[in-house]
$ cat protein29.cif   # mmCIF, C-alpha atoms
data_upload
#
loop_
_atom_site.label_atom_id
_atom_site.label_comp_id
_atom_site.auth_asym_id
_atom_site.auth_seq_id
_atom_site.Cartn_x
_atom_site.Cartn_y
_atom_site.Cartn_z
CA MET U 618 -13.34 20.79 -14.41
CA LYS U 619 -14.98 21.93 -11.21
CA GLN U 620 -12.95 22.29 -8.09
CA ILE U 621 -13.02 19.20 -5.87
CA ASP U 622 -15.25 19.85 -2.85
CA HIS U 623 -15.62 16.44 -1.24
CA HIS U 624 -12.40 15.03 0.15
CA ILE U 625 -11.12 12.14 2.23
CA ALA U 626 -10.51 12.88 5.92
CA PRO U 627 -6.83 13.18 6.96
CA GLU U 628 -7.21 10.26 9.36
CA MET U 629 -8.28 7.97 6.53
CA LEU U 630 -5.46 9.28 4.32
CA ALA U 631 -2.99 8.46 7.09
CA ASP U 632 -4.44 4.97 7.46
CA TYR U 633 -4.12 4.54 3.71
CA SER U 634 -0.49 5.77 3.72
CA ASN U 635 0.43 3.37 6.46
CA GLY U 636 -1.14 0.39 4.70
CA HIS U 637 -4.01 -0.06 7.16
CA LEU U 638 -6.94 0.07 4.71
CA ASP U 639 -8.28 -2.92 2.84
CA TYR U 640 -7.76 -3.26 -0.91
CA ALA U 641 -11.20 -1.98 -1.98
CA THR U 642 -11.00 1.18 0.10
CA SER U 643 -7.33 1.74 -0.79
CA LEU U 644 -8.21 1.70 -4.50
CA VAL U 645 -10.78 4.49 -4.06
CA VAL U 646 -8.42 6.53 -1.86
CA ALA U 647 -5.51 6.14 -4.33
CA SER U 648 -7.81 7.16 -7.20
CA HIS U 649 -9.12 10.23 -5.37
CA VAL U 650 -5.57 11.27 -4.46
CA SER U 651 -4.64 10.90 -8.14
CA LEU U 652 -7.21 13.61 -8.95
CA CYS U 653 -6.99 15.78 -5.83
CA ASP U 654 -3.96 18.01 -5.18
CA SER U 655 -5.08 18.93 -1.72
CA CYS U 656 -5.29 15.31 -0.50
CA ARG U 657 -2.03 14.50 -2.28
CA ALA U 658 -0.38 17.38 -0.42
CA GLU U 659 -1.76 15.94 2.82
CA ILE U 660 -0.17 12.57 2.04
CA ASP U 661 3.10 14.17 0.92
CA THR U 662 3.21 16.01 4.24
CA PHE U 663 2.99 12.70 6.12
CA ASP U 664 5.99 11.60 4.07
CA VAL U 665 7.93 14.77 4.90
CA LEU U 666 7.27 14.13 8.58
CA GLY U 667 8.27 10.48 8.10
CA GLY U 668 11.47 11.59 6.38
CA ALA U 669 12.26 14.02 9.20
CA LEU U 670 11.64 11.32 11.83
CA LEU U 671 13.88 9.00 9.82
CA GLN U 672 16.77 11.43 10.29
CA GLU U 673 16.39 11.01 14.05
CA GLU U 674 16.59 7.21 13.93
CA ILE U 675 19.49 5.30 15.42
CA ALA U 676 21.66 4.21 12.48
CA GLN U 677 22.50 0.56 11.86
CA GLU U 678 25.41 -0.17 9.56
CA PRO U 679 24.31 -2.30 6.60
CA SER U 680 26.42 -5.33 5.66
CA PRO U 681 29.58 -4.09 3.98
CA ASP U 682 28.87 -5.77 0.63
CA LEU U 683 25.31 -4.42 0.29
CA GLU U 684 26.42 -1.20 -1.40
CA ASP U 685 28.19 -3.06 -4.21
CA THR U 686 25.31 -5.52 -4.52
CA ILE U 687 22.95 -2.58 -5.05
CA LEU U 688 25.27 -0.95 -7.58
CA LYS U 689 25.24 -4.20 -9.56
CA ALA U 690 21.47 -4.54 -9.23
CA ILE U 691 20.74 -1.10 -10.72
CA HIS U 692 22.25 -2.35 -13.97
CA THR U 693 20.57 -5.72 -14.08
CA SER U 694 17.05 -5.04 -12.84
CA VAL U 695 14.53 -3.52 -15.21
CA ALA U 696 11.80 -1.21 -13.95
CA GLN U 697 8.28 -2.41 -14.70
CA PRO U 698 6.46 0.49 -16.36
CA ARG U 699 3.12 1.29 -14.75
CA VAL U 700 -0.10 0.87 -16.70
CA LYS U 701 -1.28 4.28 -17.95
CA ALA U 702 -4.53 6.08 -17.18
CA SER U 703 -7.20 5.80 -19.85
CA GLY U 704 -9.96 8.36 -20.47
CA PRO U 705 -11.75 9.02 -17.19
CA LEU U 706 -10.10 6.02 -15.50
CA PRO U 707 -7.08 7.09 -13.42
CA GLN U 708 -3.84 5.12 -13.24
CA PRO U 709 -4.64 3.07 -10.10
CA VAL U 710 -7.95 1.92 -11.65
CA MET U 711 -6.31 0.96 -14.94
CA GLU U 712 -3.66 -0.93 -12.96
CA ALA U 713 -6.39 -2.77 -11.08
CA LEU U 714 -7.94 -3.64 -14.47
CA ASN U 715 -4.53 -4.84 -15.73
CA GLY U 716 -4.70 -2.26 -18.49
CA LYS U 717 -7.95 -3.61 -19.96
CA GLN U 718 -11.10 -1.58 -20.46
CA PRO U 719 -13.99 -2.48 -18.12
CA ALA U 720 -16.30 -5.30 -19.28
CA TRP U 721 -19.62 -3.68 -18.39
CA LYS U 722 -22.53 -5.84 -17.32
CA SER U 723 -26.04 -4.45 -17.40
CA LEU U 724 -27.87 -3.99 -14.10
CA GLY U 725 -31.00 -2.71 -15.81
CA PRO U 726 -31.83 0.07 -18.25
CA GLY U 727 -29.08 2.70 -18.33
CA ILE U 728 -27.05 1.16 -15.52
CA ARG U 729 -23.95 -1.00 -15.86
CA GLN U 730 -21.24 -2.24 -13.57
CA HIS U 731 -17.84 -3.88 -13.64
CA ILE U 732 -16.74 -5.57 -10.44
CA ILE U 733 -13.00 -5.09 -9.96
CA ALA U 734 -12.61 -7.12 -6.78
CA ARG U 735 -14.89 -8.70 -4.24
CA ASP U 736 -14.50 -10.83 -1.17
CA LYS U 737 -16.67 -11.61 1.85
CA LYS U 738 -16.03 -8.31 3.55
CA SER U 739 -15.47 -5.81 0.79
CA SER U 740 -15.94 -5.01 -2.85
CA VAL U 741 -14.89 -2.38 -5.33
CA ARG U 742 -16.57 -1.75 -8.66
CA LEU U 743 -17.04 0.68 -11.49
CA LEU U 744 -20.58 1.94 -12.08
CA TYR U 745 -21.88 3.50 -15.28
CA ILE U 746 -25.16 5.38 -14.85
CA GLU U 747 -26.93 7.31 -17.56
CA GLY U 748 -28.07 10.84 -16.69
CA GLY U 749 -31.26 10.93 -14.62
CA LYS U 750 -30.99 7.31 -13.45
CA PRO U 751 -30.53 6.33 -9.81
CA VAL U 752 -27.13 5.09 -8.65
CA PRO U 753 -27.71 1.48 -7.56
CA GLU U 754 -27.22 0.72 -3.91
CA HIS U 755 -24.11 -1.34 -3.53
CA SER U 756 -24.13 -2.17 0.12
CA HIS U 757 -26.32 -3.18 2.98
CA LYS U 758 -23.92 -2.24 5.70
CA GLY U 759 -20.43 -1.05 6.39
CA GLN U 760 -18.71 1.91 4.84
CA GLU U 761 -19.12 3.04 1.25
CA LEU U 762 -16.84 5.31 -0.72
CA THR U 763 -18.09 6.58 -4.06
CA LEU U 764 -15.71 8.56 -6.27
CA VAL U 765 -16.97 10.33 -9.40
CA LEU U 766 -14.75 9.76 -12.45
CA GLN U 767 -17.07 11.21 -15.10
CA GLY U 768 -20.32 13.19 -15.02
CA ALA U 769 -21.94 13.90 -11.66
CA PHE U 770 -24.50 12.65 -9.19
CA GLY U 771 -26.53 14.30 -6.49
CA ASP U 772 -28.36 13.25 -3.35
CA LYS U 773 -29.75 15.01 -0.32
CA THR U 774 -26.25 15.64 1.01
CA GLY U 775 -25.13 17.57 -2.07
CA GLU U 776 -23.72 17.35 -5.59
CA PHE U 777 -20.71 15.25 -6.49
CA HIS U 778 -18.63 16.05 -9.55
CA VAL U 779 -15.44 14.57 -11.03
CA GLY U 780 -12.90 13.97 -8.27
CA ASP U 781 -15.44 14.31 -5.45
CA VAL U 782 -15.77 11.35 -3.13
CA GLU U 783 -18.77 10.55 -0.95
CA VAL U 784 -17.93 8.70 2.24
CA ALA U 785 -21.04 7.16 3.79
CA ASP U 786 -21.54 4.67 6.55
CA GLY U 787 -24.31 2.08 6.38
CA ASP U 788 -26.74 4.28 8.26
CA LEU U 789 -26.95 7.01 5.67
CA GLU U 790 -30.21 6.61 3.83
CA HIS U 791 -29.79 8.25 0.53
CA GLN U 792 -30.69 7.78 -3.09
CA PRO U 793 -28.10 9.32 -5.34
CA ILE U 794 -29.24 10.16 -8.88
CA ALA U 795 -26.92 10.72 -11.85
CA MET U 796 -27.28 14.29 -13.03
CA HIS U 797 -28.59 14.96 -16.51
CA GLY U 798 -26.03 15.21 -19.26
CA GLU U 799 -22.96 13.03 -19.63
CA ALA U 800 -23.26 9.52 -18.16
CA CYS U 801 -21.85 9.24 -14.65
CA ILE U 802 -18.97 6.83 -14.05
CA CYS U 803 -18.13 6.11 -10.41
CA LEU U 804 -15.65 3.96 -8.54
CA ALA U 805 -17.45 2.56 -5.51
CA SER U 806 -16.14 0.51 -2.62
CA THR U 807 -17.99 -1.15 0.21
CA SER U 808 -16.38 -2.53 3.28
CA ASP U 809 -17.61 -4.11 6.49
CA ASN U 810 -14.38 -3.29 8.13
CA LEU U 811 -12.04 -0.87 6.45
CA ILE U 812 -9.02 -2.22 8.18
CA PHE U 813 -6.81 -4.52 6.20
CA LYS U 814 -7.21 -8.03 7.59
CA SER U 815 -6.30 -7.27 11.18
CA MET U 816 -2.77 -8.38 11.25
CA LEU U 817 -1.02 -5.26 10.04
CA PRO U 818 0.57 -3.82 13.12
CA ARG U 819 0.65 -0.19 14.01
CA LEU U 820 3.97 1.57 13.86
CA LEU U 821 6.43 0.51 16.55
CA GLN U 822 4.76 -2.82 17.07
CA PRO U 823 6.74 -5.77 15.86
CA ILE U 824 5.92 -7.08 12.42
CA PHE U 825 5.90 -10.81 12.62
CA GLY U 826 6.18 -13.23 9.79
CA ILE U 827 8.48 -11.17 7.63
CA MET Y 1434 -10.77 18.88 6.08
CA CYS Y 1435 -8.31 19.22 3.27
CA THR Y 1436 -8.53 22.91 2.61
CA VAL Y 1437 -5.53 24.99 3.55
CA ALA Y 1438 -5.04 28.69 3.91
CA LEU Y 1439 -2.32 29.78 1.52
CA LYS Y 1440 -0.29 32.85 2.26
CA SER Y 1441 -0.60 34.08 -1.31
CA PRO Y 1442 -3.35 33.07 -3.70
CA PRO Y 1443 -2.30 30.09 -5.79
CA PRO Y 1444 -2.64 30.07 -9.56
CA ALA Y 1445 -6.14 29.06 -10.60
CA PRO Y 1446 -6.36 25.36 -9.75
CA ILE Y 1447 -6.08 23.37 -12.92
CA ALA Y 1448 -7.19 19.85 -12.59
CA LEU Y 1449 -5.56 17.60 -15.07
CA ARG Y 1450 -6.31 13.97 -15.53
CA PRO Y 1451 -3.35 11.65 -15.59
CA LYS Y 1452 -4.00 10.80 -19.23
CA ARG Y 1453 -3.50 14.38 -20.23
CA VAL Y 1454 -0.38 14.51 -18.16
CA SER Y 1455 1.14 11.61 -20.01
CA LYS Y 1456 -0.03 13.00 -23.34
CA ALA Y 1457 1.44 16.36 -22.54
CA LEU Y 1458 4.72 14.71 -21.76
CA LYS Y 1459 5.04 12.67 -24.91
CA GLY Y 1460 8.36 13.38 -26.54
CA LYS Y 1461 9.22 15.94 -23.94
CA ALA Y 1462 11.63 14.23 -21.65
CA ILE Y 1463 13.77 17.21 -20.81
CA ARG Y 1464 15.71 15.50 -18.09
CA GLY Y 1465 19.36 16.31 -17.84
CA ASN Y 1466 18.82 19.79 -19.19
CA THR Y 1467 20.47 21.54 -16.38
CA THR Y 1468 20.81 25.26 -16.63
CA GLY Y 1469 17.97 25.62 -14.13
CA ASN Y 1470 19.16 22.81 -11.94
CA PHE Y 1471 22.68 24.04 -11.62
CA ARG Y 1472 21.33 27.25 -10.24
CA ILE Y 1473 19.17 25.38 -7.73
CA VAL Y 1474 21.99 23.04 -6.87
CA GLU Y 1475 24.43 25.88 -6.37
CA LYS Y 1476 22.03 27.72 -4.11
CA MET Y 1477 21.58 24.62 -2.05
CA VAL Y 1478 25.31 24.10 -1.76
CA GLU Y 1479 25.70 27.74 -0.86
CA THR Y 1480 23.25 27.48 1.96
CA LYS Y 1481 24.69 24.07 2.96
CA ARG Y 1482 21.36 22.41 3.44
CA ASP Y 1483 20.24 18.87 2.96
CA GLU Y 1484 23.08 16.97 1.35
CA ALA Y 1485 20.85 14.00 0.49
CA THR Y 1486 18.50 16.13 -1.62
CA LEU Y 1487 21.47 17.58 -3.45
CA TYR Y 1488 22.75 14.08 -4.19
CA LEU Y 1489 19.35 12.89 -5.36
CA ILE Y 1490 19.03 15.82 -7.79
CA LYS Y 1491 22.47 14.97 -9.17
CA VAL Y 1492 21.54 11.32 -9.51
CA ARG Y 1493 18.36 12.36 -11.30
CA ASP Y 1494 20.05 14.73 -13.72
CA HIS Y 1495 23.42 13.09 -14.31
CA ARG Y 1496 22.88 9.41 -13.49
CA ASP Y 1497 26.12 9.62 -11.50
CA GLU Y 1498 26.92 6.37 -9.69
CA LEU Y 1499 29.49 7.91 -7.38
CA VAL Y 1500 26.91 10.39 -6.15
CA PHE Y 1501 24.42 7.53 -5.85
CA ARG Y 1502 26.88 5.82 -3.50
CA LYS Y 1503 27.05 9.02 -1.45
CA LEU Y 1504 23.27 9.11 -1.27
CA TYR Y 1505 23.27 5.50 -0.10
CA ARG Y 1506 25.86 6.20 2.57
CA SER Y 1507 23.97 9.23 3.82
CA LEU Y 1508 20.58 7.53 4.25
CA ALA Y 1509 20.92 3.73 4.23
CA PRO Y 1510 22.07 3.31 7.88
CA LYS Y 1511 19.13 5.32 9.28
CA LEU Y 1512 16.72 3.58 6.96
CA LEU Y 1513 18.03 0.22 8.13
CA GLY Y 1514 17.65 1.35 11.74
CA HIS Y 1515 14.07 2.42 11.01
CA LEU Y 1516 13.08 -0.83 9.29
CA GLN Y 1517 14.50 -2.88 12.14
CA LYS Y 1518 12.72 -0.71 14.69
CA ARG Y 1519 9.49 -1.47 12.81
CA GLY Y 1520 10.16 -5.09 13.62
CA MET Y 1521 11.77 -6.42 10.47
CA THR Y 1522 14.56 -8.94 10.78
CA ARG Y 1523 17.94 -7.69 9.65
CA ASP Y 1524 17.87 -9.86 6.51
CA ALA Y 1525 14.40 -8.67 5.52
CA ALA Y 1526 15.33 -5.06 6.27
CA GLU Y 1527 18.42 -5.33 4.06
CA GLU Y 1528 16.32 -6.77 1.25
CA VAL Y 1529 13.91 -3.85 1.53
CA LEU Y 1530 16.90 -1.51 1.60
CA GLN Y 1531 18.21 -3.02 -1.62
CA GLU Y 1532 14.81 -2.86 -3.37
CA THR Y 1533 14.43 0.73 -2.18
CA PHE Y 1534 17.75 1.90 -3.57
CA VAL Y 1535 17.20 0.14 -6.90
CA THR Y 1536 13.82 1.93 -7.13
CA ILE Y 1537 15.46 5.25 -6.24
CA TRP Y 1538 17.82 4.81 -9.19
CA GLN Y 1539 15.00 3.79 -11.53
CA LYS Y 1540 12.48 6.45 -10.47
CA ALA Y 1541 14.82 9.35 -9.78
CA HIS Y 1542 13.28 11.23 -12.74
CA GLN Y 1543 10.07 11.54 -10.69
CA PHE Y 1544 11.76 13.31 -7.80
CA ASP Y 1545 10.50 16.88 -7.47
CA PRO Y 1546 12.28 18.92 -4.77
CA ALA Y 1547 9.40 21.41 -4.76
CA ARG Y 1548 7.20 18.70 -3.24
CA ALA Y 1549 9.55 16.66 -1.07
CA ASN Y 1550 13.11 16.40 0.16
CA ALA Y 1551 15.16 13.26 -0.43
CA ALA Y 1552 14.47 11.83 3.04
CA ALA Y 1553 10.68 12.08 2.55
CA TRP Y 1554 10.77 10.67 -0.96
CA ILE Y 1555 12.98 7.77 0.04
CA PHE Y 1556 11.06 7.14 3.28
CA GLN Y 1557 7.87 6.74 1.25
CA ILE Y 1558 9.46 4.27 -1.19
CA ALA Y 1559 10.85 2.14 1.66
CA ARG Y 1560 7.57 2.25 3.59
CA ASN Y 1561 5.62 1.09 0.53
CA LYS Y 1562 8.06 -1.79 -0.02
CA MET Y 1563 7.72 -2.79 3.61
CA ILE Y 1564 3.90 -2.66 3.46
CA ASP Y 1565 3.81 -4.67 0.21
CA ARG Y 1566 5.99 -7.30 1.78
CA PHE Y 1567 3.73 -7.52 4.76
CA ARG Y 1568 0.38 -7.47 2.99
CA GLY Y 1569 1.29 -9.61 0.04
CA ASP Y 1570 -1.27 -7.83 -2.15
CA LYS Y 1571 -0.74 -5.08 -4.68
CA ARG Y 1572 -1.76 -2.06 -2.66
CA PRO Y 1573 -3.05 0.61 -5.06
CA LEU Y 1574 -0.82 3.68 -5.34
CA PRO Y 1575 -1.74 7.15 -6.58
CA ALA Y 1576 -0.95 8.11 -10.18
CA ASP Y 1577 2.59 9.23 -10.90
CA ILE Y 1578 3.04 12.90 -11.55
CA GLU Y 1579 5.81 13.26 -14.10
CA ILE Y 1580 7.92 16.34 -13.87
CA LEU Y 1581 9.48 18.51 -16.52
CA THR Y 1582 12.89 19.51 -15.30
CA GLU Y 1583 12.56 22.66 -17.35
CA THR Y 1584 9.62 23.87 -15.31
CA GLN Y 1585 11.64 23.79 -12.12
CA ASP Y 1586 13.81 26.70 -13.01
CA PRO Y 1587 11.40 29.43 -11.92
CA ASP Y 1588 10.52 27.45 -8.82
CA ALA Y 1589 13.96 27.52 -7.23
CA GLU Y 1590 12.60 29.81 -4.54
CA ASP Y 1591 9.78 27.36 -3.79
CA ILE Y 1592 12.27 24.55 -3.44
CA LEU Y 1593 14.37 26.56 -1.04
CA SER Y 1594 11.32 27.66 0.99
CA LEU Y 1595 10.27 24.04 1.40
CA GLN Y 1596 13.83 23.16 2.39
CA ASP Y 1597 13.73 25.94 5.01
CA ASP Y 1598 10.48 24.64 6.47
CA ILE Y 1599 11.77 21.08 6.56
CA ALA Y 1600 14.97 22.26 8.25
CA GLU Y 1601 12.82 23.97 10.87
CA LEU Y 1602 10.81 20.76 11.32
CA GLN Y 1603 14.03 18.78 11.65
CA THR Y 1604 15.43 21.14 14.28
CA ALA Y 1605 12.22 20.95 16.29
CA LEU Y 1606 12.20 17.15 16.16
CA SER Y 1607 15.85 16.86 17.10
CA GLN Y 1608 15.23 18.96 20.20
CA MET Y 1609 12.57 16.57 21.42
CA ASN Y 1610 13.40 13.52 23.47
CA ALA Y 1611 12.71 10.03 22.16
CA ASP Y 1612 9.38 9.76 24.01
CA GLN Y 1613 8.10 13.00 22.54
CA ARG Y 1614 9.10 11.89 19.06
CA ASP Y 1615 7.30 8.66 19.75
CA ILE Y 1616 4.09 10.57 20.37
CA ILE Y 1617 4.55 12.48 17.11
CA GLU Y 1618 5.13 9.20 15.32
CA LYS Y 1619 1.94 7.73 16.75
CA ALA Y 1620 -0.04 10.86 16.00
CA PHE Y 1621 1.26 10.60 12.46
CA LEU Y 1622 -0.57 7.30 12.16
CA GLY Y 1623 -3.79 9.21 11.94
CA GLU Y 1624 -4.85 9.74 15.50
CA MET Y 1625 -4.35 13.45 15.01
CA SER Y 1626 -4.65 15.78 12.06
CA HIS Y 1627 -1.83 18.09 10.96
CA SER Y 1628 -3.55 21.08 12.52
CA GLU Y 1629 -3.84 19.32 15.87
CA ILE Y 1630 -0.20 18.23 15.76
CA GLN Y 1631 0.77 21.75 14.82
CA GLU Y 1632 -1.26 23.26 17.63
CA LEU Y 1633 0.21 20.87 20.16
CA THR Y 1634 3.83 20.94 19.08
CA GLY Y 1635 4.38 24.00 16.93
CA LEU Y 1636 5.77 21.85 14.11
CA PRO Y 1637 5.35 23.72 10.80
CA LEU Y 1638 3.29 21.00 9.10
CA GLY Y 1639 0.54 23.30 7.87
CA THR Y 1640 3.03 25.53 6.09
CA ILE Y 1641 4.77 22.54 4.54
CA LYS Y 1642 1.45 21.21 3.30
CA SER Y 1643 0.58 24.58 1.76
CA ARG Y 1644 3.92 24.70 -0.03
CA ILE Y 1645 3.59 21.17 -1.36
CA ARG Y 1646 0.13 21.99 -2.62
CA LEU Y 1647 1.34 25.14 -4.28
CA GLY Y 1648 4.15 23.13 -5.91
CA LEU Y 1649 1.60 20.63 -7.26
CA GLU Y 1650 -0.68 23.33 -8.61
CA LYS Y 1651 2.17 25.13 -10.34
CA LEU Y 1652 3.38 21.87 -11.83
CA ARG Y 1653 -0.06 21.06 -13.22
CA TYR Y 1654 -0.35 24.59 -14.54
CA GLU Y 1655 2.99 24.22 -16.34
CA LEU Y 1656 2.00 20.82 -17.72
CA SER Y 1657 -1.30 22.19 -18.99
CA LYS Y 1658 0.60 24.75 -21.08
CA THR Y 1659 2.73 22.17 -22.90
#

$ encode --input "protein29.cif" --output "structure tokens"
Amino acid sequence: MKQIDHHIAPEMLADYSNGHLDYATSLVVASHVSLCDSCRAEIDTFDVLGGALLQEEIAQEPSPDLEDTILKAIHTSVAQPRVKASGPLPQPVMEALNGKQPAWKSLGPGIRQHIIARDKKSSVRLLYIEGGKPVPEHSHKGQELTLVLQGAFGDKTGEFHVGDVEVADGDLEHQPIAMHGEACICLASTSDNLIFKSMLPRLLQPIFGI
Amino acid sequence: MCTVALKSPPPAPIALRPKRVSKALKGKAIRGNTTGNFRIVEKMVETKRDEATLYLIKVRDHRDELVFRKLYRSLAPKLLGHLQKRGMTRDAAEEVLQETFVTIWQKAHQFDPARANAAAWIFQIARNKMIDRFRGDKRPLPADIEILTETQDPDAEDILSLQDDIAELQTALSQMNADQRDIIEKAFLGEMSHSEIQELTGLPLGTIKSRIRLGLEKLRYELSKT
């Protein structure tokens, strides 16, 4: 496999880590991170910093019986095993598909899609494009993330191979074409507003409703 | 962007899809095989660093409930303080604390001290539980990377180097006042990149990131050989 050249910006990774991105965008980010050691290291570093900040927190004593409650719970609760990756589809995608293979629907000759989730503001789908065919446009506005899971595509901004992610805002006029050879499978999200709902507070602001 | 300058060239990057990882691991659960770990553990005791990480390795390898209690006592109060500072009620925070520690017990086999210390690993579990509770959707998480305990033996030095860097980070943070830490915390939300934070504060985040990346690459290299 080629080295991954097109990554997700650290700021977006941090927003993902902190739960600020909507579902569609989060799925593409989680899938890219599953394939990309350098972005995973970025995220792990946020966690190391979080862990170090945790050590500086003011301690609050938990209720005295909580320790025993937890010790009982480790024997009674059963871990739910995660759905496994399948072929080119990484673990987060297979989880989103509930372990089922995509049910492709034709969008024309050589092009198929499976919509994983869609609401008024965002969508995330799998695209299957035969070599030489154009990648269908999946958005009119907002931000698009397109992650290659198999094959490759190219447009005027460059070539995108397995693991590469193209982040484009609505203004980018481009016509990606699947490269000749193996069919190209992509995970593509569109989002008017990347931010999850609007309620999730930033750190240090009170979380209400919990 | 995401590229980092490594001090020494890493092994050729080997990208492995999760499926191959799980295939490679079939029938190879080598957990609890401890010749390598004892050496790591002893070194860590010797250098008297990071009790919580030591406990978590013991929980992972020996499923020892008494050590698990020690781990709880060492981190639960600060975690509870953190969750309440984030605005959770005490009841909700204790529920998250309970879910977090049950998950720690269940997923301890995934803990890799070459990529995180116990505080970071546990912080991330608790944060995800808190976010899930708030969002009420199933926020997608990256693929698990399984570890082979066996492969950690030659990496004892890596583990200790990461521990050194984290100790340095901890010292730097503890010398700041609460307001300064506040700024770091906010920057950590994505307003600044690691390199900017590092430039501004001298915190060794770039080095830590390089080490974590090296740990990941070595792990994938080992997995690809099995």

$ atom_distance --input "protein29.cif" --atom1 "atom CA of U:Leu762" --atom2 "atom CA of U:Ile794"
15.6 Å

$ residues_near_point --input "protein29.cif" --point "(-13.4, 3.5, -0.7)" --cutoff "7 Å" --atoms "all atoms listed in the file" --output "list of chain:residue names"
U:Ala641, U:Thr642, U:Ser643, U:Leu644, U:Val645, U:Val646, U:Glu761, U:Leu762, U:Thr763, U:Ala805, U:Ser806, U:Thr807

$ residues_around --input "protein29.cif" --residues "U:His797" --least-positions-apart "6" --cutoff "12 Å" --atoms "only C-alpha atoms" --output "CSV table (one decimal) with C-alpha atoms, in the coordinates of the input"
chain,number,residue,atom,x,y,z
U,746,ILE,CA,-25.2,5.4,-14.8
U,747,GLU,CA,-26.9,7.3,-17.6
U,748,GLY,CA,-28.1,10.8,-16.7
U,749,GLY,CA,-31.3,10.9,-14.6
U,750,LYS,CA,-31.0,7.3,-13.4
U,751,PRO,CA,-30.5,6.3,-9.8
U,768,GLY,CA,-20.3,13.2,-15.0
U,769,ALA,CA,-21.9,13.9,-11.7
U,770,PHE,CA,-24.5,12.6,-9.2
U,771,GLY,CA,-26.5,14.3,-6.5

$ resolve_selection --input "protein29.cif" --expression "the PyMOL selection byres ((chain Y and resi 1494-1508) around 10)" --output "PyMOL selection string"
(chain U and resi 671-672+676+678-679+684-685+687-688+691) or (chain Y and resi 1463-1467+1470-1471+1484-1493+1509-1513+1530+1534+1537-1539+1541-1542+1551-1552+1555-1556+1582)

$ residues_around --input "protein29.cif" --residues "U:Asp809" --least-positions-apart "4" --cutoff "7 Å" --atoms "all atoms listed in the file" --output "list in words"
Lys738, Ser739, Lys758, Gly759 and Gln760 of chain U

$ atom_distance --input "protein29.cif" --atom1 "atom CA of U:Gly636" --atom2 "atom CA of Y:Pro1546"
24.8 Å

$ atom_distance --input "protein29.cif" --atom1 "atom CA of U:Asp639" --atom2 "atom CA of U:Gln620"
27.9 Å

$ closest_residue --input "protein29.cif" --among "Y:Leu1638, Y:Leu1652, Y:Leu1595, Y:Ala1547" --to "chain U" --atoms "all atoms listed in the file"
Y:Leu1638

$ closest_residue --input "protein29.cif" --among "U:Glu783, U:Asp654, U:Asp736, U:Glu776" --to "chain Y" --atoms "all atoms listed in the file"
U:Asp654
